[in-house]
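Structure file upload.cif with mmCIF, C-alpha atoms:
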```cif
data_structure
#
loop_
_atom_site.label_atom_id
_atom_site.label_comp_id
_atom_site.auth_asym_id
_atom_site.auth_seq_id
_atom_site.Cartn_x
_atom_site.Cartn_y
_atom_site.Cartn_z
CA MET A 1 0.00 0.00 0.00
CA HIS A 2 1.26 3.46 -0.89
CA ALA A 3 2.56 5.34 2.19
CA LEU A 4 0.15 8.25 1.69
CA THR A 5 -2.77 5.84 1.27
CA ARG A 6 -1.80 4.05 4.48
CA LEU A 7 -1.60 7.37 6.33
CA VAL A 8 -5.06 8.44 5.15
CA ALA A 9 -6.57 5.06 6.04
CA THR A 10 -5.00 5.12 9.50
CA THR A 11 -6.26 8.64 10.12
CA LEU A 12 -9.79 7.72 9.07
CA LEU A 13 -9.79 4.65 11.30
CA ALA A 14 -8.57 6.68 14.26
CA SER A 15 -11.20 9.35 13.65
CA SER A 16 -14.00 6.80 13.43
CA ALA A 17 -12.83 5.10 16.63
CA ALA A 18 -12.82 8.46 18.45
CA VAL A 19 -16.46 9.19 17.58
CA PRO A 20 -18.84 6.55 18.96
CA SER A 21 -21.51 5.30 16.59
CA PRO A 22 -25.00 6.67 17.24
CA ALA A 23 -27.62 4.72 19.17
CA TRP A 24 -31.13 5.27 20.46
CA VAL A 25 -31.68 6.03 24.13
CA ALA A 26 -34.93 6.64 26.03
CA SER A 27 -35.13 10.33 26.98
CA TRP A 28 -38.71 10.77 28.25
CA GLN A 29 -41.58 8.55 29.31
CA ALA A 30 -45.18 8.58 30.61
CA SER A 31 -46.24 5.11 31.70
CA PRO A 32 -49.62 4.06 30.24
CA GLN A 33 -52.60 3.42 32.52
CA PRO A 34 -56.07 2.03 31.81
CA VAL A 35 -58.76 4.71 31.84
CA TRP A 36 -61.05 4.05 34.81
CA ASN A 37 -64.81 4.36 34.94
CA ALA A 38 -66.91 7.16 36.41
CA ARG A 39 -67.35 5.33 39.72
CA PHE A 40 -63.69 5.75 40.63
CA LEU A 41 -62.70 8.20 43.36
CA PHE A 42 -60.96 10.63 40.96
CA PRO A 43 -62.17 12.07 37.63
CA THR A 44 -60.26 11.03 34.51
CA LEU A 45 -59.81 14.65 33.30
CA ILE A 46 -60.44 13.51 29.72
CA PRO A 47 -63.57 12.97 27.57
CA ASP A 48 -64.81 9.46 26.86
CA GLN A 49 -63.78 9.79 23.23
CA LEU A 50 -62.30 12.07 20.61
CA ALA A 51 -63.49 12.61 17.03
CA ALA A 52 -61.88 14.90 14.43
CA GLN A 53 -59.69 16.45 17.15
CA THR A 54 -56.04 17.21 17.79
CA PHE A 55 -54.40 16.53 21.15
CA ARG A 56 -51.19 18.45 21.91
CA GLN A 57 -48.88 17.91 24.88
CA THR A 58 -45.49 19.13 26.01
CA VAL A 59 -42.69 16.84 27.16
CA ARG A 60 -39.29 17.76 28.50
CA LEU A 61 -36.50 15.59 27.20
CA SER A 62 -33.75 14.66 29.62
CA LEU A 63 -31.18 14.24 26.83
CA GLY A 64 -31.32 15.92 23.45
CA GLY A 65 -30.05 14.28 20.29
CA ARG A 66 -29.52 14.41 16.55
CA GLN A 67 -32.88 12.84 15.78
CA LEU A 68 -35.89 11.74 17.78
CA ARG A 69 -38.63 9.15 17.56
CA VAL A 70 -41.99 9.07 19.34
CA ARG A 71 -43.72 6.04 20.89
CA LEU A 72 -47.52 5.86 20.73
CA SER A 73 -49.43 3.42 22.93
CA ASN A 74 -52.70 1.51 22.75
CA ALA A 75 -51.77 -0.57 25.79
CA TYR A 76 -55.30 -0.87 27.18
CA GLY A 77 -57.37 -0.36 24.05
CA GLN A 78 -60.12 -2.83 23.27
CA GLN A 79 -59.99 -2.09 19.54
CA PRO A 80 -57.39 -0.83 17.05
CA LEU A 81 -56.36 2.81 17.51
CA ARG A 82 -56.10 4.79 14.29
CA ILE A 83 -53.85 7.86 14.34
CA ASP A 84 -54.43 9.96 11.23
CA ALA A 85 -51.58 12.46 11.69
CA ALA A 86 -48.93 13.31 14.26
CA SER A 87 -46.18 15.91 14.58
CA ALA A 88 -43.38 17.13 16.83
CA ALA A 89 -42.09 20.65 17.39
CA ALA A 90 -38.99 21.93 19.16
CA GLY A 91 -41.00 23.66 21.87
CA PRO A 92 -44.20 25.71 22.25
CA GLY A 93 -44.91 28.08 19.37
CA ARG A 94 -42.40 26.42 17.06
CA THR A 95 -43.42 25.06 13.65
CA PRO A 96 -44.24 21.34 13.94
CA LEU A 97 -42.77 18.70 11.67
CA ALA A 98 -44.90 15.77 10.53
CA LEU A 99 -44.14 12.37 12.01
CA ALA A 100 -44.23 9.26 9.82
CA PHE A 101 -44.75 5.57 10.51
CA ASP A 102 -43.14 3.30 7.93
CA GLY A 103 -43.22 6.29 5.63
CA ARG A 104 -46.94 7.01 6.13
CA ALA A 105 -48.66 9.85 7.96
CA ASP A 106 -51.23 7.54 9.50
CA VAL A 107 -50.83 4.42 11.62
CA VAL A 108 -53.10 1.79 13.17
CA ILE A 109 -52.04 0.43 16.55
CA GLY A 110 -53.52 -2.88 17.63
CA PRO A 111 -55.00 -3.50 21.09
CA GLY A 112 -52.25 -3.89 23.67
CA GLU A 113 -49.58 -2.64 21.27
CA GLU A 114 -47.40 0.41 20.71
CA ARG A 115 -45.79 1.86 17.60
CA VAL A 116 -42.60 3.84 17.22
CA SER A 117 -42.40 6.62 14.65
CA ASP A 118 -39.78 6.80 11.96
CA PRO A 119 -36.73 8.89 13.01
CA LEU A 120 -37.43 12.61 12.73
CA ALA A 121 -34.54 14.92 11.80
CA LEU A 122 -35.20 17.34 14.65
CA ALA A 123 -32.08 18.17 16.64
CA THR A 124 -32.73 18.84 20.32
CA ARG A 125 -30.78 20.01 23.38
CA ASP A 126 -30.59 18.44 26.80
CA LEU A 127 -33.60 19.37 28.98
CA GLN A 128 -35.45 20.84 25.99
CA ALA A 129 -39.25 20.97 25.72
CA VAL A 130 -40.82 19.23 22.73
CA GLN A 131 -44.48 19.43 21.73
CA VAL A 132 -46.20 16.41 20.24
CA SER A 133 -49.57 16.61 18.49
CA VAL A 134 -51.82 13.71 17.51
CA TYR A 135 -54.92 13.93 15.30
CA VAL A 136 -57.69 11.34 15.20
CA ALA A 137 -60.32 11.75 12.49
CA GLY A 138 -62.80 9.05 13.46
CA ARG A 139 -64.64 8.34 16.71
CA THR A 140 -61.89 7.21 19.08
CA PRO A 141 -62.73 5.85 22.54
CA LEU A 142 -60.05 6.80 25.07
CA GLN A 143 -58.97 3.69 26.96
CA THR A 144 -55.26 4.34 27.59
CA PHE A 145 -53.87 7.47 29.24
CA HIS A 146 -51.44 8.83 31.81
CA TRP A 147 -53.54 10.57 34.42
CA ASP A 148 -51.18 12.92 36.25
CA GLY A 149 -49.06 14.68 33.64
CA ARG A 150 -48.21 17.77 35.76
CA GLN A 151 -48.22 19.59 32.43
CA THR A 152 -50.99 21.45 30.64
CA ALA A 153 -52.13 19.76 27.43
CA ALA A 154 -54.89 20.74 25.02
CA PHE A 155 -57.65 19.45 22.74
CA ALA A 156 -58.73 21.32 19.61
CA ALA A 157 -61.09 20.66 16.72
CA GLY A 158 -59.78 19.50 13.35
CA ASP A 159 -56.32 18.55 12.19
CA GLN A 160 -54.05 21.21 13.73
CA THR A 161 -50.97 19.00 13.98
CA LEU A 162 -48.93 21.38 11.79
CA ALA A 163 -50.16 24.60 13.40
CA PRO A 164 -47.65 26.43 15.67
CA ALA A 165 -50.50 27.23 18.08
CA LEU A 166 -53.88 25.57 18.59
CA THR A 167 -57.05 27.61 18.18
CA ASP A 168 -60.15 27.25 20.39
CA ALA A 169 -58.45 24.71 22.64
CA ALA A 170 -59.66 23.11 25.88
CA THR A 171 -57.06 22.02 28.44
CA THR A 172 -56.29 19.08 30.70
CA THR A 173 -53.34 17.84 32.74
CA ALA A 174 -53.69 14.22 31.59
CA ARG A 175 -51.63 12.71 28.77
CA LEU A 176 -52.86 10.70 25.78
CA PHE A 177 -51.31 8.51 23.07
CA VAL A 178 -47.62 9.37 23.64
CA SER A 179 -45.84 6.97 26.00
CA GLY A 180 -42.22 7.80 25.29
CA MET A 181 -39.60 9.61 23.27
CA ASP A 182 -36.16 8.38 22.28
CA VAL A 183 -33.23 10.39 20.95
CA GLU A 184 -30.25 9.41 18.84
CA ARG A 185 -26.99 9.97 20.70
CA ALA A 186 -23.48 8.58 20.82
CA ALA A 187 -23.49 4.92 21.83
CA CYS A 188 -22.08 5.76 25.28
CA ALA A 189 -25.33 7.56 26.23
CA ARG A 190 -27.44 5.64 28.73
CA SER A 191 -30.75 5.87 30.50
CA VAL A 192 -31.92 5.53 34.11
CA ALA A 193 -35.54 4.48 34.68
CA VAL A 194 -37.28 5.45 37.93
CA ILE A 195 -40.33 3.32 38.74
CA GLY A 196 -42.59 4.61 41.45
CA ASP A 197 -45.95 5.98 42.54
CA SER A 198 -47.36 9.51 42.84
CA ILE A 199 -44.22 10.77 44.61
CA THR A 200 -42.24 9.93 41.47
CA ASP A 201 -45.06 10.93 39.12
CA GLY A 202 -44.86 14.41 40.68
CA ALA A 203 -48.36 14.61 42.16
CA THR A 204 -47.83 17.93 43.98
CA ALA A 205 -44.93 19.34 41.96
CA SER A 206 -45.59 22.79 40.51
CA LEU A 207 -47.60 22.53 37.32
CA ASP A 208 -45.74 23.18 34.03
CA ARG A 209 -42.41 23.77 35.81
CA ASP A 210 -40.66 20.35 35.62
CA GLN A 211 -40.24 20.07 39.37
CA ARG A 212 -40.57 16.31 39.83
CA TRP A 213 -37.64 14.73 41.63
CA THR A 214 -36.75 12.88 38.43
CA ASP A 215 -36.55 16.23 36.60
CA HIS A 216 -33.96 17.45 39.10
CA LEU A 217 -32.06 14.17 38.80
CA ALA A 218 -32.11 14.49 35.00
CA ALA A 219 -30.48 17.91 35.27
CA ARG A 220 -27.72 16.41 37.44
CA VAL A 221 -26.80 13.58 35.05
CA ALA A 222 -27.46 15.07 31.59
CA PRO A 223 -23.95 16.57 31.34
CA GLN A 224 -22.58 13.00 31.50
CA GLY A 225 -24.81 11.83 28.66
CA VAL A 226 -27.28 10.07 30.96
CA ALA A 227 -31.07 10.32 30.56
CA VAL A 228 -33.69 9.84 33.27
CA VAL A 229 -37.11 8.46 32.33
CA ASN A 230 -40.02 8.62 34.75
CA ALA A 231 -42.00 5.38 35.13
CA GLY A 232 -44.07 6.72 38.01
CA ILE A 233 -47.84 6.25 38.13
CA SER A 234 -49.93 8.08 40.71
CA GLY A 235 -51.67 5.42 42.76
CA GLY A 236 -49.10 2.87 41.62
CA ARG A 237 -48.24 -0.14 43.75
CA LEU A 238 -45.60 -2.85 43.87
CA LEU A 239 -47.69 -5.97 44.43
CA ARG A 240 -51.23 -5.18 43.29
CA ASP A 241 -52.86 -3.11 40.59
CA GLY A 242 -53.80 0.40 41.70
CA MET A 243 -54.39 3.34 39.39
CA GLY A 244 -52.19 1.40 36.98
CA GLU A 245 -50.85 -2.11 36.74
CA ALA A 246 -48.70 -3.41 39.59
CA ALA A 247 -44.99 -2.75 39.14
CA LEU A 248 -44.41 -6.50 39.02
CA SER A 249 -46.63 -6.61 35.91
CA ARG A 250 -45.38 -3.48 34.10
CA PHE A 251 -41.68 -3.73 34.92
CA GLN A 252 -40.78 -5.24 31.56
CA ARG A 253 -42.66 -2.65 29.48
CA ASP A 254 -41.95 0.48 31.52
CA VAL A 255 -38.39 -0.29 32.59
CA LEU A 256 -36.55 -3.17 30.96
CA ASP A 257 -37.76 -2.38 27.43
CA GLN A 258 -36.42 1.19 27.53
CA PRO A 259 -33.60 1.61 24.98
CA GLY A 260 -30.17 2.34 26.43
CA LEU A 261 -31.19 1.29 29.94
CA ALA A 262 -28.29 1.03 32.39
CA SER A 263 -29.81 1.50 35.86
CA VAL A 264 -33.16 1.46 37.67
CA ILE A 265 -34.37 3.20 40.83
CA VAL A 266 -37.34 1.68 42.69
CA LEU A 267 -39.44 3.86 45.02
CA LEU A 268 -42.54 1.76 45.65
CA GLY A 269 -44.49 0.35 48.56
CA THR A 270 -46.16 3.38 50.12
CA ASN A 271 -49.51 2.66 48.44
CA ASP A 272 -49.20 -1.07 49.13
CA ILE A 273 -49.08 -0.12 52.82
CA GLY A 274 -51.42 2.89 52.76
CA TRP A 275 -54.31 1.78 50.49
CA PRO A 276 -55.77 -1.15 52.51
CA GLY A 277 -58.63 0.00 54.71
CA THR A 278 -59.22 3.23 52.78
CA ALA A 279 -61.85 4.12 50.18
CA PHE A 280 -59.46 2.72 47.58
CA ALA A 281 -59.42 -0.79 49.08
CA ARG A 282 -61.74 -0.94 52.07
CA THR A 283 -61.61 -4.70 52.67
CA GLU A 284 -58.18 -5.47 51.26
CA PRO A 285 -55.74 -7.02 53.76
CA ALA A 286 -52.47 -5.26 54.46
CA PRO A 287 -49.40 -6.79 52.82
CA SER A 288 -46.90 -8.56 55.02
CA LEU A 289 -43.27 -7.58 55.28
CA ALA A 290 -42.34 -10.88 53.61
CA GLN A 291 -44.63 -10.15 50.64
CA LEU A 292 -43.08 -6.72 50.10
CA GLN A 293 -39.59 -8.18 50.36
CA ALA A 294 -40.47 -10.87 47.82
CA GLY A 295 -41.76 -8.21 45.42
CA TYR A 296 -38.51 -6.27 45.64
CA ARG A 297 -36.46 -9.44 45.15
CA SER A 298 -38.41 -10.24 42.00
CA LEU A 299 -37.61 -6.83 40.47
CA VAL A 300 -33.95 -7.17 41.41
CA ALA A 301 -33.67 -10.64 39.87
CA ARG A 302 -35.25 -9.49 36.62
CA ALA A 303 -32.99 -6.43 36.38
CA HIS A 304 -29.85 -8.44 37.12
CA ALA A 305 -30.85 -11.05 34.52
CA ARG A 306 -30.65 -8.22 31.97
CA GLY A 307 -27.34 -6.92 33.32
CA VAL A 308 -29.03 -3.77 34.67
CA ARG A 309 -28.04 -2.14 37.94
CA ILE A 310 -30.96 -1.57 40.35
CA LEU A 311 -31.23 0.73 43.37
CA GLY A 312 -33.96 0.82 45.99
CA ALA A 313 -35.18 3.73 48.09
CA THR A 314 -36.56 3.83 51.61
CA LEU A 315 -40.17 4.97 51.96
CA PRO A 316 -40.70 8.53 53.24
CA PRO A 317 -43.00 9.10 56.25
CA PHE A 318 -46.67 10.01 55.81
CA ALA A 319 -48.24 10.62 59.21
CA GLY A 320 -51.32 12.85 58.93
CA ALA A 321 -51.57 12.21 55.18
CA LEU A 322 -54.38 13.67 53.06
CA PRO A 323 -56.33 15.54 55.75
CA GLY A 324 -59.85 16.65 54.87
CA THR A 325 -60.12 14.21 51.95
CA PRO A 326 -61.92 10.87 51.48
CA LEU A 327 -58.50 9.29 52.12
CA GLU A 328 -57.71 10.90 55.46
CA ASP A 329 -57.52 7.39 56.99
CA TYR A 330 -54.56 6.61 54.71
CA TYR A 331 -52.19 6.81 57.69
CA GLN A 332 -52.46 4.50 60.67
CA PRO A 333 -49.82 3.69 63.33
CA ASP A 334 -49.67 0.02 62.28
CA LYS A 335 -48.98 1.11 58.69
CA ASP A 336 -46.12 3.27 59.88
CA ALA A 337 -44.74 0.34 61.87
CA LEU A 338 -44.65 -1.74 58.66
CA ARG A 339 -43.00 1.11 56.77
CA ARG A 340 -40.27 1.34 59.42
CA GLN A 341 -39.71 -2.42 59.34
CA LEU A 342 -39.40 -2.34 55.58
CA ASN A 343 -36.98 0.59 55.69
CA ALA A 344 -34.83 -1.13 58.33
CA TRP A 345 -34.57 -4.18 56.07
CA LEU A 346 -33.75 -2.04 53.05
CA ARG A 347 -30.91 -0.38 54.93
CA SER A 348 -29.43 -3.58 56.35
CA ASP A 349 -30.22 -6.57 54.15
CA SER A 350 -31.88 -5.56 50.89
CA PRO A 351 -31.08 -7.26 47.56
CA PHE A 352 -30.55 -3.93 45.78
CA ASP A 353 -27.15 -2.85 44.47
CA ALA A 354 -27.48 0.30 46.58
CA VAL A 355 -30.14 2.05 48.67
CA ILE A 356 -31.10 5.74 48.62
CA ASP A 357 -32.29 6.68 52.11
CA LEU A 358 -35.08 9.10 51.22
CA ASP A 359 -36.74 8.54 54.58
CA ALA A 360 -33.68 10.00 56.30
CA VAL A 361 -33.62 12.94 53.88
CA LEU A 362 -37.30 13.91 54.13
CA ARG A 363 -38.43 13.10 57.67
CA ASP A 364 -38.85 15.57 60.50
CA PRO A 365 -36.03 14.88 62.99
CA ALA A 366 -38.35 15.83 65.86
CA ASP A 367 -41.16 13.56 64.60
CA PRO A 368 -39.80 10.87 62.26
CA ALA A 369 -43.28 9.67 61.30
CA ARG A 370 -43.86 12.98 59.50
CA LEU A 371 -42.34 14.81 56.56
CA ALA A 372 -40.19 17.78 57.52
CA ALA A 373 -42.21 20.96 57.09
CA ALA A 374 -39.71 22.42 54.62
CA PHE A 375 -40.17 19.43 52.31
CA ASP A 376 -43.92 18.86 52.76
CA SER A 377 -46.26 19.90 49.93
CA GLY A 378 -48.95 20.42 52.56
CA ASP A 379 -50.76 17.10 52.23
CA HIS A 380 -48.23 15.31 54.49
CA LEU A 381 -47.73 12.55 51.90
CA HIS A 382 -46.09 14.12 48.87
CA PRO A 383 -42.94 16.24 48.94
CA GLY A 384 -43.23 19.74 47.50
CA ASP A 385 -40.74 21.26 45.08
CA ALA A 386 -38.06 21.69 47.75
CA GLY A 387 -38.54 18.08 48.84
CA ASN A 388 -38.24 16.86 45.24
CA HIS A 389 -35.00 18.79 44.87
CA ALA A 390 -33.65 17.24 48.08
CA MET A 391 -34.56 13.75 46.88
CA ALA A 392 -32.63 14.17 43.64
CA ALA A 393 -29.64 15.61 45.50
CA ALA A 394 -29.58 12.53 47.75
CA VAL A 395 -28.83 10.16 44.85
CA ASP A 396 -25.20 9.01 44.89
CA LEU A 397 -24.27 9.18 41.22
CA GLN A 398 -21.33 6.82 41.71
CA ALA A 399 -23.72 4.23 43.16
CA LEU A 400 -26.21 4.85 40.38
CA LEU A 401 -23.74 4.50 37.50
CA PRO A 402 -20.33 3.38 38.80
CA ASP A 403 -18.95 2.85 35.30
CA ALA A 404 -20.18 6.10 33.78
CA VAL A 405 -17.71 7.93 31.57
CA PRO A 406 -16.99 11.50 32.77
CA VAL A 407 -18.56 13.02 29.66
CA CYS A 408 -20.44 11.28 26.85
CA ALA A 409 -20.47 13.38 23.69
CA ARG A 410 -23.60 13.85 21.61
#
```
Whole structure, structure tokens version:
Amino acid sequence: MHALTRLVATTLLASSAAVPSPAWVASWQASPQPVWNARFLFPTLIPDQLAAQTFRQTVRLSLGGRQLRVRLSNAYGQQPLRIDAASAAAGPGRTPLALAFDGRADVVIGPGEERVSDPLALATRDLQAVQVSVYVAGRTPLQTFHWDGRQTAAFAAGDQTLAPALTDAATTTARLFVSGMDVERAACARSVAVIGDSITDGATASLDRDQRWTDHLAARVAPQGVAVVNAGISGGRLLRDGMGEAALSRFQRDVLDQPGLASVIVLLGTNDIGWPGTAFARTEPAPSLAQLQAGYRSLVARAHARGVRILGATLPPFAGALPGTPLEDYYQPDKDALRRQLNAWLRSDSPFDAVIDLDAVLRDPADPARLAAAFDSGDHLHPGDAGNHAMAAAVDLQALLPDAVPVCAR
């Protein structure tokens, strides 16, 4: 080989080795839930059906990328879901770009299925807002949603998927159709999934301000090329179905199937302990410590079988929870005793790779059964914005991703 040719070839090989090949990584998620009936304690916040309407929602990516793709879900549909048009825009007021599915504007999603859009050449930054619009032309019963979006979304008549702003729109804080968004990054980019209940879902975080504890964690790890996806469901439980499927049932879909997954955080069990005896589950027996431990061990075994690191978190206190509501009997001293037993086991003998002691972070030192006033949203169950920030700050990043590279380029 000619010397100059060899030099050029060597230079090209070195350059290609220095720039990791692109890969897809999960950057945002809203776990699907079945839409409940009118007899349930809480309203759905959505109509029974849509027809010739556009639904637009805002998501905040944790990592940006060169391209993106959108996941649409019909997880709990009883019939095929036809999407007639969909689009994505790089933030509110920006011009949307049409999404395609196998090169077509429309897509039919079978019952229990999801579809991923074709890659869209829309470059995004870390922590950037993206708006997604979906148009359905025919009568479309709504059977799958994410109830507590903590973000204002809107319905409008007609196909407005390519309009920068919707006209004559009605609003909701629920989410429809979109269950996730992936971005194309360098192959070293990875994702952390956080599976939890309303505390993770952000039930009392400030609306439209990205103040969930996972949002704060995403801001901490984005500079290292790490995404955080939120698999929280308000009313979610570890062992039994609640306002969504039990974590044991949805762990594969909402956690292990996320592209680029490297680590998992589990913050679950509060509703398993708190629901029995309330209006949610009046005659349901309380779980035993052994049952909760077995549930955790099952999640750990499944994560480890996939080579995924998994962290657990202690359960924060909730004395006095939900005063003046139909659930003001959520707290009982025997429930707190079980919570403390579970936390003691998590600290001393849990199967997790590491444990985040959120109980120690959030509790009132003078009354450990209660949230500290500075971190309490006011309902004595959910942390407020300051509490969410403290939770994210408590995560040991070395324990979360011990093999993380210092910086992962786009």
Contacts between range 276-286 of chain A and range 303-364 of chain A, please, where a residue of range 303-364 of chain A counts if it comes within 10 Å (with all atoms listed in the file); show its shortest atom pair and distance in Å to one decimal, rows by chain and ascending number, as JSON lines.
```
{"residue": "A:Pro326", "atom": "CA", "partner": "A:Ala279", "partner_atom": "CA", "distance": 6.9}
{"residue": "A:Leu327", "atom": "CA", "partner": "A:Thr278", "partner_atom": "CA", "distance": 6.1}
{"residue": "A:Glu328", "atom": "CA", "partner": "A:Thr278", "partner_atom": "CA", "distance": 8.3}
{"residue": "A:Asp329", "atom": "CA", "partner": "A:Thr278", "partner_atom": "CA", "distance": 6.2}
{"residue": "A:Tyr330", "atom": "CA", "partner": "A:Thr278", "partner_atom": "CA", "distance": 6.1}
{"residue": "A:Tyr331", "atom": "CA", "partner": "A:Thr278", "partner_atom": "CA", "distance": 9.3}
{"residue": "A:Gln332", "atom": "CA", "partner": "A:Gly277", "partner_atom": "CA", "distance": 9.7}
{"residue": "A:Asp334", "atom": "CA", "partner": "A:Ala286", "partner_atom": "CA", "distance": 9.8}
{"residue": "A:Lys335", "atom": "CA", "partner": "A:Ala286", "partner_atom": "CA", "distance": 8.4}
{"residue": "A:Leu338", "atom": "CA", "partner": "A:Ala286", "partner_atom": "CA", "distance": 9.5}
```
(request) Report the distance between CA of Tyr76 in chain A and CA of Gln143 in chain A in Å, rounded to one decimal place. (result) 5.9 Å
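Once the PyMOL selection byres ((chain A and resi 168-172) around 8) is applied to the shown structure, the selection contains Leu45, Ile46, Thr152, Ala153, Ala154, Phe155, Ala156, Ala157, Leu166, Thr167, Thr173 and Ala174 of chain A.
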(message) Can you measure CA of Asp364 in chain A to CA of Pro317 in chain A for me? One decimal in Å is fine.
(response) 8.8 Å
(message) From (-44.5, -2.8, 36.3), in the file's coordinates, out to 12 Å: which residues are reached, counting all atoms listed in the file? Answer as a VMD selection string.
(response) chain A and resid 31 to 33 193 to 197 231 to 233 236 to 242 244 to 257 266 268 295 to 296 298 to 299 302
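Put simply, CA of Ala227 in chain A is 9.1 Å away from CA of Gly64 in chain A.
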(request) Just the residues within 10 Å of Arg185 in chain A, please, counting only C-alpha atoms, with nothing from its chain fewer than 4 positions along; format it as an MDAnalysis selection string. (result) chainID A and resid 20:25 63:68 189:190 225 408:410
(message) What would the selection look like, as a VMD selection string, if the PyMOL selection byres ((chain A and resi 262) around 6) were run on the coordinates I just shared?
(response) chain A and resid 190 to 191 261 263 308
(request) Fewer than 4 positions away in the same chain doesn't count, so skip those; otherwise give me all residues within 7 Å of Ala354 in chain A, counting all atoms listed in the file, as a PyMOL selection string. (result) chain A and resi 311-312+399
